[in-house]
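Asks: One structure is given below, represented as structure tokens, and several questions about it will come after.
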Amino acid sequence: MKNIVVIGSMNVDLVVEVDRKPLVGETLLGKGFQIFQGGKGANQCVAAARLGGNCTMLGSVGVDAFANSVIENLESSSINVNNINKNNNLPTGTAVIEVYPNDNSIIVVPGANNATDVEYVQKYRELLLESDMVLLQLEIPLETVEWVVDFLWSNNKQVILNPAPASKLSEKILEKTTFITPNEHECNIVFGSDKSAEYWMRKYPNKLIITEGEKGVKYYDGKKICRIPSVKVEVVDTTGAGDTFNGALAVFLAVGNSLKEALYKSCIAGALAVTKLGAQEGIPLFEEFNEYMQLHETNNFDQQTKLQCKKG
């Protein structure tokens, strides 16, 4: 098992179902209420653990009932939670989600996620140096992300940065990150919309991987732009598909798969995640992933993907 360290957010999602969006000052009766575990960091860590990684979660929670549920949930996926920061001054991150027909609204309170600062992660230099892959997102302070990327680059360690929620990134981060995985919308924010996605892929070959949902992913391999398609499944809930893809990618790259094969397998893992309700509930176990691969004879990825490439 390879050592995967995820540094990121941990949230509790409070989901309310209503018939319509309430008017200003109006009180509506909800149809249902559910609590889900969330946060991009936690989601990606669970995905990596379920798909075979030896995973450690670094991040911050409050000292409250939500914190206990977050930690217990991670432990249930055999994730090392011993180094999670428990902050006395901030609440565990929460997201309040109102779901109405064909729409939703979300209010996120980062809370303790903002306490995942540079001083905290610097305590775990040795842990980072022992990692086979580190996975980051942007739901923690940007200066923390910058420090981790610089530290790992200085020590020849690999890091995947999933730039979500998207923000403009410095050229320093872009140059020193091993892999960057935005979707098309995030790519325009991260790199700027003055040039095409194809331009940026060519500038960052085998580094910039643009996810396209059910279409799969695309990247530039140094000679051509390649698209690796996803697989068709019955969609129940797309929440968490991208996080599953990133967690899977960390594992498959860490165990030595080529970039092309790792992307192919990660697309399948992400597709399987949308067949169940909930960001983490849909993440496949390694056994489920293997069963799908064998059932659909997908192990020979070169024949199955039929990569669509543009010479250039």
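Ligands are numbered from 1 in the order shown, chains are lettered A, B, ... in the order of the structure tokens, and residues start at 1 in each chain.
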Would you mind listing, for every residue of segment 16-82 of chain A within 12 Å of segment 136-144 of chain A, the two atoms forming the shortest contact and the distance between them in Å to one decimal, using only C-alpha atoms, sorted by chain and ascending residue number, as a tab-separated table?
Replies:
```
residue	atom	partner	partner_atom	distance
A:Gly38	CA	A:Glu139	CA	11.7
A:Gly39	CA	A:Glu139	CA	8.0
A:Lys40	CA	A:Gln137	CA	7.0
A:Gly41	CA	A:Gln137	CA	6.8
A:Ala42	CA	A:Gln137	CA	10.5
A:Asn43	CA	A:Gln137	CA	11.0
A:Gln44	CA	A:Leu136	CA	9.2
A:Cys45	CA	A:Leu136	CA	10.1
A:Met57	CA	A:Leu136	CA	10.8
A:Leu58	CA	A:Leu136	CA	10.1
A:Gly59	CA	A:Ile140	CA	8.4
A:Ser60	CA	A:Ile140	CA	9.4
A:Val61	CA	A:Ile140	CA	11.9
```
Asks: Using only C-alpha atoms, determine which residues lie at most 9 Å from segment 157-168 of chain A, disregarding the query and same-chain residues fewer than 2 positions distant; provide the list as a tab-separated table (two decimals) with C-alpha atoms, in the first residue's frame.
Replies:
```tsv
chain	number	residue	atom	x	y	z
A	40	LYS	CA	-13.30	18.16	-0.75
A	128	LEU	CA	5.07	14.60	3.86
A	129	LEU	CA	8.55	13.31	3.06
A	131	SER	CA	4.44	10.12	1.28
A	132	ASP	CA	4.18	8.62	-2.19
A	133	MET	CA	1.61	11.24	-3.22
A	134	VAL	CA	0.14	14.36	-1.62
A	135	LEU	CA	-3.29	15.67	-2.61
A	136	LEU	CA	-4.39	19.30	-2.16
A	137	GLN	CA	-7.46	21.43	-2.92
A	138	LEU	CA	-8.32	25.10	-2.38
A	139	GLU	CA	-10.78	24.92	0.53
A	145	VAL	CA	-1.15	25.30	-0.35
A	148	VAL	CA	3.19	22.60	0.80
A	149	VAL	CA	3.77	22.76	-2.96
A	151	PHE	CA	8.23	22.10	0.24
A	152	LEU	CA	7.34	19.02	-1.81
A	153	TRP	CA	8.96	20.41	-4.96
A	154	SER	CA	12.16	21.13	-3.02
A	155	ASN	CA	12.22	17.51	-1.87
A	170	SER	CA	0.73	32.04	-9.22
A	176	LYS	CA	6.11	23.33	-8.98
A	177	THR	CA	2.93	21.24	-8.86
A	178	THR	CA	3.27	17.77	-10.38
A	179	PHE	CA	-0.34	17.47	-11.60
A	180	ILE	CA	-3.16	20.05	-11.78
A	181	THR	CA	-6.75	18.83	-12.26
A	182	PRO	CA	-9.28	21.62	-12.96
A	183	ASN	CA	-12.50	21.28	-14.90
A	185	HIS	CA	-14.59	26.37	-15.86
A	186	GLU	CA	-11.89	26.20	-13.20
A	187	CYS	CA	-9.19	26.18	-15.88
A	188	ASN	CA	-10.37	29.59	-17.14
A	189	ILE	CA	-10.09	31.03	-13.63
A	190	VAL	CA	-6.81	29.37	-12.67
A	191	PHE	CA	-4.95	30.24	-15.88
A	192	GLY	CA	-7.00	33.14	-17.23
A	243	ASP	CA	-13.37	14.18	-5.70
A	246	ASN	CA	-8.80	12.90	-7.76
A	249	LEU	CA	-5.70	9.37	-9.43
A	250	ALA	CA	-3.49	9.78	-6.36
A	254	ALA	CA	1.39	6.25	-6.59
```
Asks: Which of these, A:Arg20, A:Lys232, A:Lys172, A:Lys195, has the shortest distance to Val274 of chain A once you count only C-alpha atoms?
Replies: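 Nearest to Val274 of chain A: A:Lys232.
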Asks: Excluding Asn89 of chain A and residues on its chain fewer than 2 positions from it, collect all residues at most 12 Å away from it, counting only C-alpha atoms, and give them as a list of chain:residue names.
Replies: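 Near neighbours after the sequence-gap exclusion: A:Ser60, A:Val61, A:Gly62, A:Val63, A:Asp64, A:Asn85, A:Lys86, A:Asn87, A:Pro91, A:Thr92, A:Gly111, A:Ala112, A:Asn113, A:Asn114, A:Ala115.
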Asks: Keeping only C-alpha atoms, write those residues as a PDB file, in the first residue's frame.
Replies:
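Just written: selection.pdb:
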```
ATOM      1  CA  SER A  60      -8.852  21.031  10.970  1.00  0.00           C
ATOM      2  CA  VAL A  61     -12.155  20.558  12.787  1.00  0.00           C
ATOM      3  CA  GLY A  62     -13.727  22.287  15.747  1.00  0.00           C
ATOM      4  CA  VAL A  63     -14.368  20.854  19.176  1.00  0.00           C
ATOM      5  CA  ASP A  64     -18.016  19.932  18.744  1.00  0.00           C
ATOM      6  CA  ASN A  85      -6.051  19.675  14.182  1.00  0.00           C
ATOM      7  CA  LYS A  86      -8.820  20.313  16.741  1.00  0.00           C
ATOM      8  CA  ASN A  87      -9.415  24.051  17.006  1.00  0.00           C
ATOM      9  CA  PRO A  91     -16.610  25.378  14.536  1.00  0.00           C
ATOM     10  CA  THR A  92     -16.286  22.385  12.252  1.00  0.00           C
ATOM     11  CA  GLY A 111     -15.007  27.443  10.116  1.00  0.00           C
ATOM     12  CA  ALA A 112     -12.037  25.404  11.306  1.00  0.00           C
ATOM     13  CA  ASN A 113     -10.849  24.736   7.750  1.00  0.00           C
ATOM     14  CA  ASN A 114      -9.307  28.202   7.916  1.00  0.00           C
ATOM     15  CA  ALA A 115      -7.123  26.956  10.791  1.00  0.00           C
TER      16      ALA A 115
END
```
Asks: Would you list the contacts of Lys203 of chain A as a CSV table (one decimal) with N, CA and C atoms, in the first residue's frame, taking every protein, DNA or RNA residue within 9 Å and counting only C-alpha atoms, but skipping same-chain residues closer than 5 positions in sequence?
Replies:
```
chain,number,residue,atom,x,y,z
A,198,GLU,N,-6.4,24.6,-24.7
A,198,GLU,CA,-5.4,23.9,-25.5
A,198,GLU,C,-4.0,24.5,-25.3
A,208,LEU,N,-1.2,19.4,-16.8
A,208,LEU,CA,-2.5,20.0,-16.7
A,208,LEU,C,-3.5,18.9,-17.3
A,220,TYR,N,-2.3,17.0,-22.7
A,220,TYR,CA,-1.3,17.0,-23.8
A,220,TYR,C,-0.1,16.2,-23.3
```
Asks: Which residue out of A:Gln122, A:Gly247, A:Tyr100, A:Ile106 has the minimum interatomic distance to Val5 of chain A when only C-alpha atoms are used?
Replies: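 Closest candidate: A:Gly247.
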Asks: Here is a test: counting only C-alpha atoms, which residue of A:Met201, A:Val121, A:Leu14, A:Leu169 is nearest to Val108 of chain A?
Replies: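 Answer, going by the shortest atom-to-atom distance: A:Leu14.
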